[in-house]
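> Next up, input_34.cif (mmCIF, C-alpha atoms).
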```cif
data_query
#
loop_
_atom_site.label_atom_id
_atom_site.label_comp_id
_atom_site.auth_asym_id
_atom_site.auth_seq_id
_atom_site.Cartn_x
_atom_site.Cartn_y
_atom_site.Cartn_z
CA MET A 27 13.51 8.02 24.21
CA GLY A 28 15.28 9.93 21.41
CA GLY A 29 18.33 7.65 21.87
CA THR A 30 16.69 4.99 19.69
CA THR A 31 17.37 7.17 16.63
CA ASP A 32 21.03 7.88 17.43
CA GLY A 33 23.31 7.13 14.50
CA LEU A 34 20.59 5.65 12.29
CA LEU A 35 20.70 8.32 9.58
CA ASP A 36 24.49 8.23 9.38
CA ASP A 37 24.50 4.44 9.14
CA ALA A 38 21.72 4.53 6.53
CA ARG A 39 23.78 6.97 4.46
CA THR A 40 26.73 4.59 4.70
CA ILE A 41 24.73 1.70 3.23
CA LEU A 42 22.85 3.84 0.68
CA PRO A 43 25.00 2.59 -2.23
CA ARG A 44 23.87 -0.97 -1.50
CA ILE A 45 20.24 0.15 -1.09
CA VAL A 46 20.42 1.91 -4.45
CA GLU A 47 22.02 -1.11 -6.09
CA VAL A 48 19.20 -3.37 -4.89
CA ARG A 49 16.55 -0.87 -5.93
CA ARG A 50 17.94 -0.56 -9.43
CA ALA A 51 18.23 -4.31 -9.87
CA LEU A 52 14.54 -4.61 -8.97
CA HIS A 53 13.61 -1.69 -11.21
CA ARG A 54 15.24 -3.31 -14.23
CA ARG A 55 13.31 -6.57 -13.72
CA PRO A 56 9.80 -5.70 -12.51
CA GLU A 57 7.19 -8.40 -12.03
CA VAL A 58 3.40 -8.21 -11.73
CA GLY A 59 0.95 -10.16 -9.58
CA LEU A 60 1.16 -12.74 -6.82
CA GLN A 61 4.10 -14.77 -8.12
CA LEU A 62 7.33 -12.78 -8.44
CA PRO A 63 10.09 -15.40 -8.80
CA GLY A 64 12.94 -13.09 -9.74
CA THR A 65 12.08 -10.53 -7.06
CA GLN A 66 11.61 -13.26 -4.48
CA GLU A 67 15.01 -14.76 -5.35
CA LEU A 68 16.75 -11.40 -4.94
CA VAL A 69 15.13 -10.75 -1.56
CA VAL A 70 16.00 -14.23 -0.30
CA ARG A 71 19.61 -13.85 -1.40
CA GLU A 72 19.95 -10.50 0.38
CA LEU A 73 18.43 -11.84 3.60
CA GLU A 74 20.61 -14.95 3.60
CA GLN A 75 23.71 -12.80 3.12
CA MET A 76 22.71 -10.99 6.33
CA GLY A 77 22.52 -14.32 8.16
CA LEU A 78 18.73 -14.42 8.33
CA ALA A 79 16.52 -17.41 7.54
CA PRO A 80 13.87 -16.32 5.01
CA ARG A 81 10.63 -18.24 4.61
CA LEU A 82 8.72 -18.45 1.35
CA GLY A 83 4.95 -18.12 1.06
CA LYS A 84 2.79 -21.21 0.73
CA THR A 85 0.37 -19.93 -1.90
CA VAL A 86 1.95 -16.65 -3.09
CA GLY A 87 5.46 -15.45 -3.87
CA SER A 88 6.05 -13.77 -0.52
CA VAL A 89 9.09 -13.73 1.77
CA THR A 90 9.26 -13.29 5.54
CA ALA A 91 12.19 -13.23 7.94
CA ALA A 92 12.50 -12.60 11.66
CA ILE A 93 15.18 -10.53 13.40
CA GLU A 94 15.43 -11.54 17.04
CA GLY A 95 16.59 -9.01 19.61
CA ALA A 96 19.24 -9.96 22.12
CA ARG A 97 18.54 -7.58 25.01
CA LEU A 98 18.15 -9.35 28.33
CA GLY A 99 15.04 -8.90 30.40
CA ASP A 100 16.90 -7.17 33.26
CA GLY A 101 18.02 -4.37 30.97
CA ARG A 102 21.58 -5.67 30.43
CA HIS A 103 22.81 -5.99 26.84
CA GLU A 104 24.88 -8.76 25.37
CA PRO A 105 25.26 -7.80 21.70
CA ASP A 106 27.87 -10.51 21.17
CA THR A 107 25.52 -13.24 22.34
CA ALA A 108 23.68 -15.09 19.59
CA PRO A 109 19.94 -14.31 19.59
CA PRO A 110 17.72 -17.13 20.93
CA SER A 111 16.29 -19.51 18.38
CA ALA A 112 12.61 -19.62 17.45
CA GLU A 113 12.34 -22.93 19.32
CA ASP A 114 13.61 -21.42 22.58
CA ALA A 115 10.64 -21.36 24.98
CA ASN A 116 12.19 -18.41 26.78
CA VAL A 117 12.08 -16.02 23.83
CA ARG A 118 10.88 -12.71 25.22
CA GLY A 119 9.18 -9.58 23.99
CA HIS A 120 6.72 -8.64 21.29
CA THR A 121 7.10 -8.57 17.54
CA VAL A 122 6.95 -5.53 15.26
CA LEU A 123 5.98 -6.21 11.64
CA LEU A 124 7.60 -4.07 8.93
CA ARG A 125 6.14 -4.41 5.43
CA ALA A 126 7.35 -3.77 1.89
CA ASP A 127 5.25 -4.57 -1.19
CA MET A 128 7.18 -5.93 -4.17
CA ASP A 129 4.99 -5.97 -7.30
CA ALA A 130 5.02 -3.68 -10.33
CA LEU A 131 2.44 -2.41 -12.82
CA PRO A 132 1.60 -3.24 -16.47
CA LEU A 133 3.04 -0.02 -17.94
CA ARG A 134 5.66 0.75 -20.58
CA GLU A 135 8.31 2.90 -18.88
CA GLU A 136 9.15 6.30 -20.35
CA THR A 137 11.46 7.76 -17.70
CA GLY A 138 14.67 7.67 -19.70
CA LEU A 139 16.55 6.26 -16.68
CA ASP A 140 19.66 4.24 -17.47
CA PHE A 141 18.27 1.48 -15.26
CA ALA A 142 14.77 1.55 -16.77
CA SER A 143 12.65 -1.58 -17.04
CA ALA A 144 14.04 -4.16 -19.44
CA THR A 145 10.82 -6.17 -19.57
CA GLY A 146 8.74 -4.18 -22.07
CA ASP A 147 5.26 -3.48 -20.74
CA THR A 148 6.01 -3.80 -17.02
CA MET A 149 7.31 -1.05 -14.74
CA HIS A 150 7.87 -0.21 -11.08
CA ALA A 151 5.66 2.87 -11.37
CA CYS A 152 4.48 2.93 -7.75
CA GLY A 153 7.82 2.80 -5.98
CA HIS A 154 7.57 -0.74 -4.63
CA ASP A 155 11.18 -1.31 -5.71
CA THR A 156 12.21 1.44 -3.28
CA HIS A 157 10.04 -0.10 -0.56
CA VAL A 158 11.87 -3.44 -0.85
CA ALA A 159 15.30 -1.80 -0.93
CA MET A 160 14.50 0.37 2.10
CA LEU A 161 13.26 -2.56 4.16
CA LEU A 162 16.35 -4.59 3.32
CA GLY A 163 18.40 -1.58 4.39
CA ALA A 164 16.42 -1.36 7.62
CA ALA A 165 17.15 -5.04 8.26
CA ARG A 166 20.88 -4.29 8.13
CA LEU A 167 20.45 -1.40 10.56
CA LEU A 168 18.45 -3.52 12.97
CA LEU A 169 20.86 -6.44 12.87
CA ASP A 170 23.63 -4.05 13.91
CA ARG A 171 21.43 -3.07 16.88
CA ALA A 172 19.99 -6.43 17.91
CA GLY A 173 21.43 -5.98 21.38
CA ARG A 174 19.32 -2.86 21.93
CA PHE A 175 15.86 -4.40 21.91
CA ASP A 176 13.96 -7.15 23.64
CA GLY A 177 11.61 -8.61 21.08
CA ASN A 178 11.49 -9.39 17.40
CA VAL A 179 11.07 -7.70 14.03
CA LEU A 180 9.16 -9.54 11.32
CA LEU A 181 10.09 -8.48 7.79
CA MET A 182 7.15 -8.83 5.39
CA PHE A 183 7.93 -8.78 1.67
CA GLN A 184 4.58 -8.90 -0.08
CA PRO A 185 3.53 -9.60 -3.67
CA GLY A 186 0.28 -8.57 -5.28
CA GLU A 187 -0.54 -5.21 -3.70
CA GLU A 188 -1.71 -3.73 -7.00
CA GLY A 189 -5.21 -5.19 -6.87
CA TRP A 190 -4.26 -8.80 -6.14
CA HIS A 191 -4.97 -8.88 -2.36
CA GLY A 192 -1.46 -10.12 -1.59
CA ALA A 193 -1.57 -9.09 2.09
CA ARG A 194 -4.79 -11.04 2.60
CA PHE A 195 -3.22 -14.17 1.11
CA MET A 196 -0.17 -13.77 3.35
CA LEU A 197 -2.41 -13.53 6.41
CA GLU A 198 -4.26 -16.65 5.32
CA ASP A 199 -0.87 -18.36 4.90
CA GLY A 200 -0.03 -17.63 8.56
CA LEU A 201 1.89 -14.35 8.33
CA LEU A 202 1.25 -13.43 11.96
CA ASP A 203 2.65 -16.77 13.13
CA ALA A 204 5.97 -16.29 11.31
CA ALA A 205 7.78 -14.75 14.31
CA PRO A 206 8.74 -16.26 17.69
CA THR A 207 6.39 -13.95 19.63
CA PRO A 208 3.02 -12.33 18.88
CA VAL A 209 2.90 -9.45 16.41
CA ARG A 210 1.76 -6.41 18.41
CA MET A 211 2.37 -3.58 15.94
CA ALA A 212 2.72 -3.16 12.17
CA PHE A 213 4.28 -0.39 10.13
CA ALA A 214 4.66 0.40 6.43
CA LEU A 215 5.97 3.25 4.30
CA HIS A 216 4.80 4.39 0.87
CA ILE A 217 6.95 6.67 -1.25
CA THR A 218 5.24 9.51 -3.12
CA ASN A 219 6.10 12.59 -5.15
CA LYS A 220 3.37 14.50 -3.38
CA TYR A 221 6.01 15.47 -0.81
CA PRO A 222 9.63 16.60 -1.24
CA ARG A 223 12.49 14.20 -0.66
CA GLY A 224 12.72 12.90 2.90
CA ARG A 225 9.51 14.41 4.30
CA VAL A 226 7.21 12.07 6.26
CA ALA A 227 3.43 12.46 6.38
CA ILE A 228 1.24 10.43 8.72
CA ARG A 229 -2.24 10.89 10.13
CA PRO A 230 -4.34 8.96 12.66
CA GLY A 231 -7.53 7.24 11.54
CA PRO A 232 -8.42 6.58 7.88
CA THR A 233 -5.41 7.13 5.65
CA TYR A 234 -6.45 5.21 2.51
CA ALA A 235 -9.95 4.55 1.20
CA ALA A 236 -11.79 1.32 0.58
CA ALA A 237 -12.12 0.57 -3.13
CA ASP A 238 -14.94 -1.51 -4.60
CA ARG A 239 -15.40 -2.31 -8.29
CA ILE A 240 -18.73 -1.60 -10.02
CA ARG A 241 -19.87 -3.45 -13.14
CA MET A 242 -23.24 -2.88 -14.82
CA THR A 243 -24.87 -4.27 -17.94
CA VAL A 244 -27.86 -2.27 -19.15
CA ARG A 245 -30.21 -4.31 -21.34
CA GLY A 246 -32.50 -2.68 -23.86
CA ARG A 247 -33.74 -3.69 -27.31
CA GLY A 248 -31.70 -3.31 -30.46
CA GLY A 249 -32.82 -1.62 -33.65
CA HIS A 250 -31.98 0.82 -36.42
CA ALA A 251 -30.56 4.23 -35.52
CA SER A 252 -33.13 5.90 -37.80
CA ALA A 253 -36.02 4.59 -35.70
CA PRO A 254 -35.07 4.77 -32.00
CA HIS A 255 -38.77 4.74 -31.04
CA SER A 256 -39.00 1.13 -32.15
CA ALA A 257 -35.95 0.09 -30.13
CA LEU A 258 -34.97 0.61 -26.49
CA ASP A 259 -31.61 2.38 -26.46
CA PRO A 260 -29.39 1.10 -23.60
CA ILE A 261 -26.77 3.77 -24.26
CA THR A 262 -29.01 6.67 -23.24
CA VAL A 263 -30.09 4.75 -20.14
CA ALA A 264 -26.45 4.03 -19.28
CA ALA A 265 -25.59 7.71 -19.77
CA GLU A 266 -28.33 8.75 -17.38
CA ILE A 267 -27.07 6.25 -14.80
CA VAL A 268 -23.53 7.67 -15.04
CA LEU A 269 -24.75 11.22 -14.42
CA ALA A 270 -27.17 10.18 -11.69
CA LEU A 271 -24.36 8.44 -9.80
CA GLN A 272 -22.61 11.78 -9.38
CA LEU A 273 -25.80 13.27 -7.96
CA LEU A 274 -26.09 10.28 -5.63
CA VAL A 275 -22.70 11.11 -4.11
CA THR A 276 -23.20 14.86 -3.79
CA ARG A 277 -26.70 14.63 -2.34
CA THR A 278 -26.58 11.52 -0.11
CA VAL A 279 -22.99 11.36 1.22
CA ASP A 280 -21.76 13.50 4.12
CA VAL A 281 -19.05 15.80 2.76
CA PHE A 282 -17.02 15.13 5.92
CA ASP A 283 -17.18 11.35 5.33
CA PRO A 284 -16.28 11.47 1.64
CA ALA A 285 -16.90 9.11 -1.23
CA VAL A 286 -15.93 9.03 -4.89
CA VAL A 287 -17.75 7.12 -7.64
CA THR A 288 -16.07 7.00 -11.02
CA ILE A 289 -17.31 5.20 -14.13
CA ALA A 290 -14.13 4.87 -16.17
CA HIS A 291 -15.03 2.20 -18.72
CA VAL A 292 -18.04 2.39 -21.05
CA ARG A 293 -18.57 -0.07 -23.89
CA SER A 294 -21.50 -0.47 -26.26
CA GLY A 295 -22.41 -0.85 -29.91
CA THR A 296 -20.65 -1.92 -33.09
CA ARG A 297 -21.65 0.63 -35.81
CA ASP A 298 -22.96 4.16 -36.17
CA ASN A 299 -26.40 3.09 -37.39
CA ILE A 300 -27.16 0.22 -35.01
CA ILE A 301 -28.80 0.67 -31.62
CA PRO A 302 -27.27 -2.15 -29.56
CA GLU A 303 -28.93 -4.54 -27.16
CA THR A 304 -26.63 -3.77 -24.22
CA ALA A 305 -24.31 -1.16 -22.71
CA PHE A 306 -21.56 -2.06 -20.26
CA LEU A 307 -20.33 0.25 -17.48
CA GLU A 308 -17.37 -0.30 -15.14
CA GLY A 309 -15.84 1.84 -12.44
CA THR A 310 -14.86 2.16 -8.80
CA MET A 311 -16.40 3.36 -5.57
CA ARG A 312 -14.13 4.74 -2.86
CA THR A 313 -15.10 5.44 0.74
CA VAL A 314 -13.30 6.05 4.04
CA SER A 315 -15.79 4.53 6.47
CA GLU A 316 -17.56 1.19 6.51
CA GLU A 317 -20.90 2.90 7.20
CA THR A 318 -20.73 5.06 4.08
CA ARG A 319 -19.32 2.14 2.09
CA SER A 320 -22.34 -0.01 2.93
CA ARG A 321 -24.89 2.75 2.28
CA LEU A 322 -23.30 3.72 -1.02
CA GLN A 323 -23.19 0.14 -2.27
CA ALA A 324 -26.93 -0.12 -1.65
CA GLY A 325 -27.53 3.32 -3.18
CA VAL A 326 -25.63 2.54 -6.40
CA ARG A 327 -27.65 -0.61 -6.92
CA ARG A 328 -30.97 1.09 -6.13
CA LEU A 329 -30.26 4.04 -8.42
CA ALA A 330 -29.18 1.94 -11.40
CA GLU A 331 -32.18 -0.34 -11.14
CA GLY A 332 -34.55 2.61 -10.72
CA VAL A 333 -33.25 4.53 -13.74
CA ALA A 334 -33.35 1.43 -15.92
CA MET A 335 -36.88 0.59 -14.79
CA ALA A 336 -38.06 4.13 -15.48
CA HIS A 337 -37.11 3.67 -19.14
CA GLY A 338 -38.39 0.12 -19.46
CA ALA A 339 -34.90 -1.34 -19.54
CA SER A 340 -33.18 -3.66 -17.08
CA VAL A 341 -29.75 -3.63 -15.50
CA GLU A 342 -27.50 -6.19 -13.88
CA VAL A 343 -25.34 -4.67 -11.14
CA GLU A 344 -22.27 -6.35 -9.68
CA ILE A 345 -20.29 -4.73 -6.86
CA GLU A 346 -17.04 -6.55 -6.17
CA PRO A 347 -15.61 -5.74 -2.72
CA GLY A 348 -12.04 -4.49 -2.87
CA TYR A 349 -9.57 -3.43 -0.21
CA PRO A 350 -11.00 -2.23 3.12
CA VAL A 351 -10.35 1.22 4.56
CA THR A 352 -6.74 1.55 5.77
CA VAL A 353 -7.05 2.86 9.33
CA ASN A 354 -4.01 4.05 11.29
CA ASP A 355 -4.13 3.35 15.00
CA ALA A 356 -4.03 6.75 16.72
CA ALA A 357 -1.44 5.77 19.35
CA VAL A 358 0.87 4.11 16.84
CA ALA A 359 0.53 7.02 14.39
CA GLY A 360 1.45 9.41 17.21
CA MET A 361 4.49 7.33 18.11
CA VAL A 362 5.64 7.19 14.48
CA ARG A 363 5.19 10.94 14.13
CA GLN A 364 7.37 11.53 17.19
CA VAL A 365 10.03 9.07 16.00
CA ALA A 366 10.11 10.72 12.57
CA SER A 367 10.44 14.14 14.20
CA ASP A 368 13.32 12.93 16.38
CA LEU A 369 15.01 11.30 13.40
CA LEU A 370 14.45 13.86 10.64
CA GLY A 371 13.53 17.04 12.49
CA PRO A 372 10.01 18.41 13.12
CA ASP A 373 10.08 20.49 9.92
CA ASN A 374 10.21 17.26 7.90
CA VAL A 375 7.05 15.75 9.43
CA GLU A 376 3.45 16.70 8.72
CA VAL A 377 -0.08 15.49 9.43
CA PRO A 378 -2.27 15.42 6.29
CA ASP A 379 -5.72 16.97 6.64
CA ALA A 380 -7.46 14.20 4.71
CA PRO A 381 -6.98 10.57 3.68
CA VAL A 382 -5.83 9.51 0.24
CA MET A 383 -8.73 8.17 -1.83
CA GLY A 384 -6.55 5.45 -3.32
CA ALA A 385 -6.63 2.02 -1.69
CA GLU A 386 -3.99 -0.14 0.02
CA ASP A 387 -4.10 -3.82 0.99
CA PHE A 388 -1.99 -3.11 4.10
CA SER A 389 -5.51 -2.45 5.36
CA TYR A 390 -5.92 -6.21 5.89
CA VAL A 391 -2.94 -6.24 8.27
CA LEU A 392 -4.22 -3.20 10.16
CA GLN A 393 -7.55 -4.95 10.66
CA ARG A 394 -5.68 -7.59 12.67
CA VAL A 395 -2.86 -5.62 14.33
CA PRO A 396 -2.65 -2.01 15.57
CA GLY A 397 -0.30 -0.12 13.31
CA ALA A 398 0.16 2.65 10.79
CA MET A 399 1.22 3.51 7.28
CA ALA A 400 3.18 6.68 6.57
CA HIS A 401 4.05 8.48 3.36
CA LEU A 402 7.66 9.24 2.48
CA GLY A 403 8.42 12.12 0.15
CA GLY A 404 10.48 11.13 -2.86
CA ARG A 405 10.07 14.14 -5.16
CA PRO A 406 13.36 15.25 -6.72
CA ALA A 407 14.41 18.81 -5.89
CA ASP A 408 14.30 19.92 -9.53
CA MET A 409 10.64 18.92 -9.97
CA ASP A 410 7.65 21.17 -9.30
CA GLU A 411 4.99 19.86 -6.94
CA THR A 412 2.19 20.59 -9.42
CA THR A 413 3.77 18.94 -12.45
CA ALA A 414 5.93 16.11 -11.04
CA PRO A 415 4.77 12.71 -12.37
CA GLN A 416 3.00 10.83 -9.60
CA ASN A 417 2.65 7.17 -8.63
CA HIS A 418 1.24 5.01 -11.44
CA SER A 419 2.63 7.35 -14.10
CA ASN A 420 5.00 5.69 -16.56
CA ARG A 421 7.22 8.78 -16.18
CA VAL A 422 7.48 8.79 -12.37
CA VAL A 423 11.00 9.24 -10.97
CA PHE A 424 12.00 9.26 -7.30
CA ASP A 425 15.03 10.79 -5.60
CA GLU A 426 16.95 7.75 -4.39
CA THR A 427 18.51 9.63 -1.48
CA ALA A 428 15.05 9.64 0.13
CA MET A 429 15.65 5.95 0.84
CA VAL A 430 18.08 6.99 3.60
CA ALA A 431 15.16 8.43 5.57
CA GLY A 432 12.94 5.45 4.74
CA ALA A 433 15.39 2.76 5.84
CA ALA A 434 16.25 4.67 9.01
CA LEU A 435 12.60 5.32 9.86
CA HIS A 436 11.66 1.64 9.52
CA ALA A 437 14.43 0.75 11.95
CA ALA A 438 13.71 3.64 14.33
CA VAL A 439 10.01 2.77 14.63
CA ALA A 440 10.81 -0.85 15.51
CA LEU A 441 13.49 0.16 18.00
CA ARG A 442 11.28 2.74 19.70
CA TYR A 443 8.35 0.36 20.04
CA LEU A 444 10.39 -2.58 21.30
CA ALA A 445 12.34 -0.38 23.71
CA ALA A 446 9.07 0.83 25.22
CA ASP A 447 6.69 -2.12 24.68
CA ASP A 448 4.08 0.64 24.50
CA PRO A 449 2.78 2.06 21.21
CA SER A 450 1.91 5.37 22.80
CA ALA A 451 5.44 6.03 24.02
CA GLY A 452 6.62 9.34 22.72
CA ALA A 453 3.22 10.23 21.22
#
```
Here is the file; what I need is its structure written in the form of structure tokens.

Amino acid sequence: MGGTTDGLLDDARTILPRIVEVRRALHRRPEVGLQLPGTQELVVRELEQMGLAPRLGKTVGSVTAAIEGARLGDGRHEPDTAPPSAEDANVRGHTVLLRADMDALPLREETGLDFASATGDTMHACGHDTHVAMLLGAARLLLDRAGRFDGNVLLMFQPGEEGWHGARFMLEDGLLDAAPTPVRMAFALHITNKYPRGRVAIRPGPTYAAADRIRMTVRGRGGHASAPHSALDPITVAAEIVLALQLLVTRTVDVFDPAVVTIAHVRSGTRDNIIPETAFLEGTMRTVSEETRSRLQAGVRRLAEGVAMAHGASVEVEIEPGYPVTVNDAAVAGMVRQVASDLLGPDNVEVPDAPVMGAEDFSYVLQRVPGAMAHLGGRPADMDETTAPQNHSNRVVFDETAMVAGAALHAAVALRYLAADDPSAGA
């Protein structure tokens, strides 16, 4: 099955200048949220230049496009024959979904790059510009090989990954119906400086955590700072809740099914001599199983209410569900690992011991379709692993040559799956 990777890296290197050009154009003009008009326009223009027919999202600024394979069912190839249209009732094969997120972050860039953000307080600090450029590069590679597969590739360009639930909105808009045949497998890449340039890391099972937002308002009784006995200080109650939450995690959560609770925003009071009426707490809760997620949600609420009651105060607790756990299908993850090894060499592929406690809304897609997300190393060679700025830093810089591996891997995964029609092939 290794033949599906033949020539992909060389061809990806050939088109790297165009991939870099697209990436830098996106990096200069980052956009935040669910509506990304400039980004959407660039993606549509690139797809149309390839001869594809992009579709725009109904409720969000997304783009999809289908690449239809031209291999005949009896194994013969007719690469010069036009692929069948979406209306053709005889369209064969399954569909592989390949995803790139497109949105940026509200950060002021301090990288010093000559193509740095020109939009002030917005920056591509998580590498989504590279994701878009790599997937467009993969589309070019796949179009050159349309005669090698029987099936379809659905390109998913998604807005609003950074907390906006963009993938969920795309699913609600009919994402999985945007290709001529059913979507049977989904794949995504995320660049990171955790790994050196061109290395791929993928693990079966949970790979990103669920993330839920916690908000609490502790209510006491205001008064003068000189006489705390005649008031009911909500700040001390809030402080006890913050510390008790850490004990809740260490003493009620299985260390092998981890959780993290972080209170990162505390607000209360107006002056140094006034005990306020309320104290506000905000943070996140991250878990890698739905069982622990449910138990911890109940535990956070019970603990906060109990501490407040013990001091005669009250507390309002709101837990806003965020992204679900991102779970890699074991068979698909095994196939991707083998494809990456064939493509890049076994020394450039690893299996992480533990999931990342960050969250990803590709989780919504993986709830509906077996698939996997892999990490792609982007750390420049002159940067140390321990000090290199990471994703979400306004100083993060990626080695653009890593996009050769990313574009080629997207294409190789689709080709391997559609050549086999079996996600466990090569695992």
> Just the number, please: distance in Å from atom CA of Leu180 of chain A to atom CA of Leu402 of chain A, one decimal.
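Rounded to one decimal, the two atoms are 20.8 Å apart.
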> Evaluate the PyMOL selection byres ((chain A and resi 323) around 10) here and jot the selected residues down as a VMD selection string.
chain A and resid 238 240 311 318 to 322 324 to 328 344 to 347
> Could you pull out every residue with an atom within 7 Å of (11.1, -9.9, 5.7), file coordinates, counting all atoms listed in the file, and send them as a tab-separated table (two decimals) with C-alpha atoms, in the coordinates of the input?

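Written output follows (part_5.tsv):
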```tsv
chain	number	residue	atom	x	y	z
A	89	VAL	CA	9.09	-13.73	1.77
A	90	THR	CA	9.26	-13.29	5.54
A	91	ALA	CA	12.19	-13.23	7.94
A	92	ALA	CA	12.50	-12.60	11.66
A	180	LEU	CA	9.16	-9.54	11.32
A	181	LEU	CA	10.09	-8.48	7.79
A	182	MET	CA	7.15	-8.83	5.39
A	183	PHE	CA	7.93	-8.78	1.67
```
> For Gln272 of chain A, work out the shell of residues within 10 Å, counting all atoms listed in the file and skipping chain neighbours fewer than 3 positions away, then give it as a list in words.
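Returned residues: Ile267, Val268, Leu269, Val275, Thr276, Arg277, Val286, Val287, Thr288 and Ile289 of chain A.
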> Quick one: which residues end up in the PyMOL selection byres ((chain A and resi 76) around 12) for this structure, as number ranges by chain?
A: 69-75, 77-80, 91-93, 162-170
> What is the distance, in Å and to one decimal place, between atom CA of Val58 of chain A and atom CA of Glu426 of chain A?
22.2 Å
> In Å to one decimal, how far is atom CA of Phe388 of chain A from atom CA of Pro63 of chain A?
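We find that atom CA of Pro63 of chain A and atom CA of Phe388 of chain A lie 21.5 Å from each other.
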> Counting all atoms listed in the file, which residue out of A:Pro260, A:Pro284, A:Pro350, A:Gly371 sits closest to Leu392 of chain A?
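Looking only at the distances to Leu392 of chain A, the closest residue turns out to be A:Pro350.
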> If we count only C-alpha atoms and set the cut-off at 12 Å, which residues sit around Gly384 of chain A, ignoring sequence neighbours fewer than 5 positions away in its own chain? Please answer as a PyMOL selection string.
chain A and resi 188-189+232-238+285-286+310-314+348-352+389+417-418
> Name all residues at most 8 Å from Val122 of chain A (count all atoms listed in the file; drop same-chain ones fewer than 4 positions away) and give them as a list in words.
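Skipping anything fewer than 4 positions along the chain leaves Asn178, Val179, Leu180, Val209, Arg210, Met211, Ala212, Phe213, Ala440, Tyr443 and Leu444 of chain A.
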> Between A:Thr40, A:Gln416, A:Gln184, A:Thr262, which residue has the minimum interatomic distance to Lys220 of chain A, considering all atoms listed in the file?
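Closest residue, counting all atoms listed in the file: A:Gln416.
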> Give me the residues near Arg194 of chain A as a ChimeraX atom specification, where near means some atom within 9 Å (using all atoms listed in the file) and where sequence neighbours in that chain fewer than 5 positions away do not count.
/A:199,387-388,390-391
> List the spatial neighbours of segment 336-340 of chain A as an MDAnalysis selection string - criterion: any atom at most 8 Å away, all atoms listed in the file, same-chain residues fewer than 4 positions off excluded.
chainID A and resid 244:246 258 260 263 331:332
> Would you mind telling me which residue in A:Asp32, A:Ala330, A:Ala205, A:Ala357 lies nearest to Leu274 of chain A when using all atoms listed in the file?
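Closest residue, counting all atoms listed in the file: A:Ala330.
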> Could you check the closest approach to Met196 of chain A for each of A:Thr218, A:Gln66, A:Thr85, A:Thr137 and tell me which residue wins, using all atoms listed in the file?
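Closest residue, counting all atoms listed in the file: A:Thr85.
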> For each of A:Asn420, A:Gln364, A:Asn219, A:Thr304, take the minimum atom-to-atom distance to Met242 of chain A, counting only C-alpha atoms, then give the residue where this is smallest.
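Of A:Asn420, A:Gln364, A:Asn219, A:Thr304, the one nearest Met242 of chain A is A:Thr304, counting only C-alpha atoms.
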> Once the PyMOL selection byres ((chain A and resi 300) around 10) has been evaluated on this model, what residues remain selected, and can you format them as a list in words?
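For this structure, the PyMOL selection byres ((chain A and resi 300) around 10) resolves to Gly248, Gly249, His250, Ala251, Ser252, Ala253, Pro254, Asp259, Gly295, Thr296, Arg297, Asp298, Asn299, Ile301, Pro302 and Glu303 of chain A.
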> Measuring between only C-alpha atoms, which one of A:Leu123, A:Arg405, A:Val423, A:Ser88 shows the shortest distance to Asp140 of chain A?
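The answer is A:Val423, which sits nearest to Asp140 of chain A.
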> Got a sec to write segment 32-46 of chain A of the block to a file, C-alpha atoms, as a PDB file, in the first residue's frame?

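Below is the file that was written, out_16.pdb:
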```
ATOM      1  CA  ASP A  32       4.899   7.842  -4.122  1.00  0.00           C
ATOM      2  CA  GLY A  33       5.959  11.260  -5.365  1.00  0.00           C
ATOM      3  CA  LEU A  34       3.819  13.224  -2.913  1.00  0.00           C
ATOM      4  CA  LEU A  35       6.674  14.841  -0.998  1.00  0.00           C
ATOM      5  CA  ASP A  36       8.493  15.841  -4.175  1.00  0.00           C
ATOM      6  CA  ASP A  37       5.324  17.333  -5.645  1.00  0.00           C
ATOM      7  CA  ALA A  38       4.562  19.125  -2.372  1.00  0.00           C
ATOM      8  CA  ARG A  39       8.053  20.645  -2.416  1.00  0.00           C
ATOM      9  CA  THR A  40       7.421  21.834  -5.963  1.00  0.00           C
ATOM     10  CA  ILE A  41       4.284  23.733  -4.957  1.00  0.00           C
ATOM     11  CA  LEU A  42       5.693  24.972  -1.618  1.00  0.00           C
ATOM     12  CA  PRO A  43       6.261  28.507  -2.960  1.00  0.00           C
ATOM     13  CA  ARG A  44       2.540  28.797  -3.703  1.00  0.00           C
ATOM     14  CA  ILE A  45       1.626  27.288  -0.312  1.00  0.00           C
ATOM     15  CA  VAL A  46       3.880  29.825   1.402  1.00  0.00           C
TER      16      VAL A  46
END
```
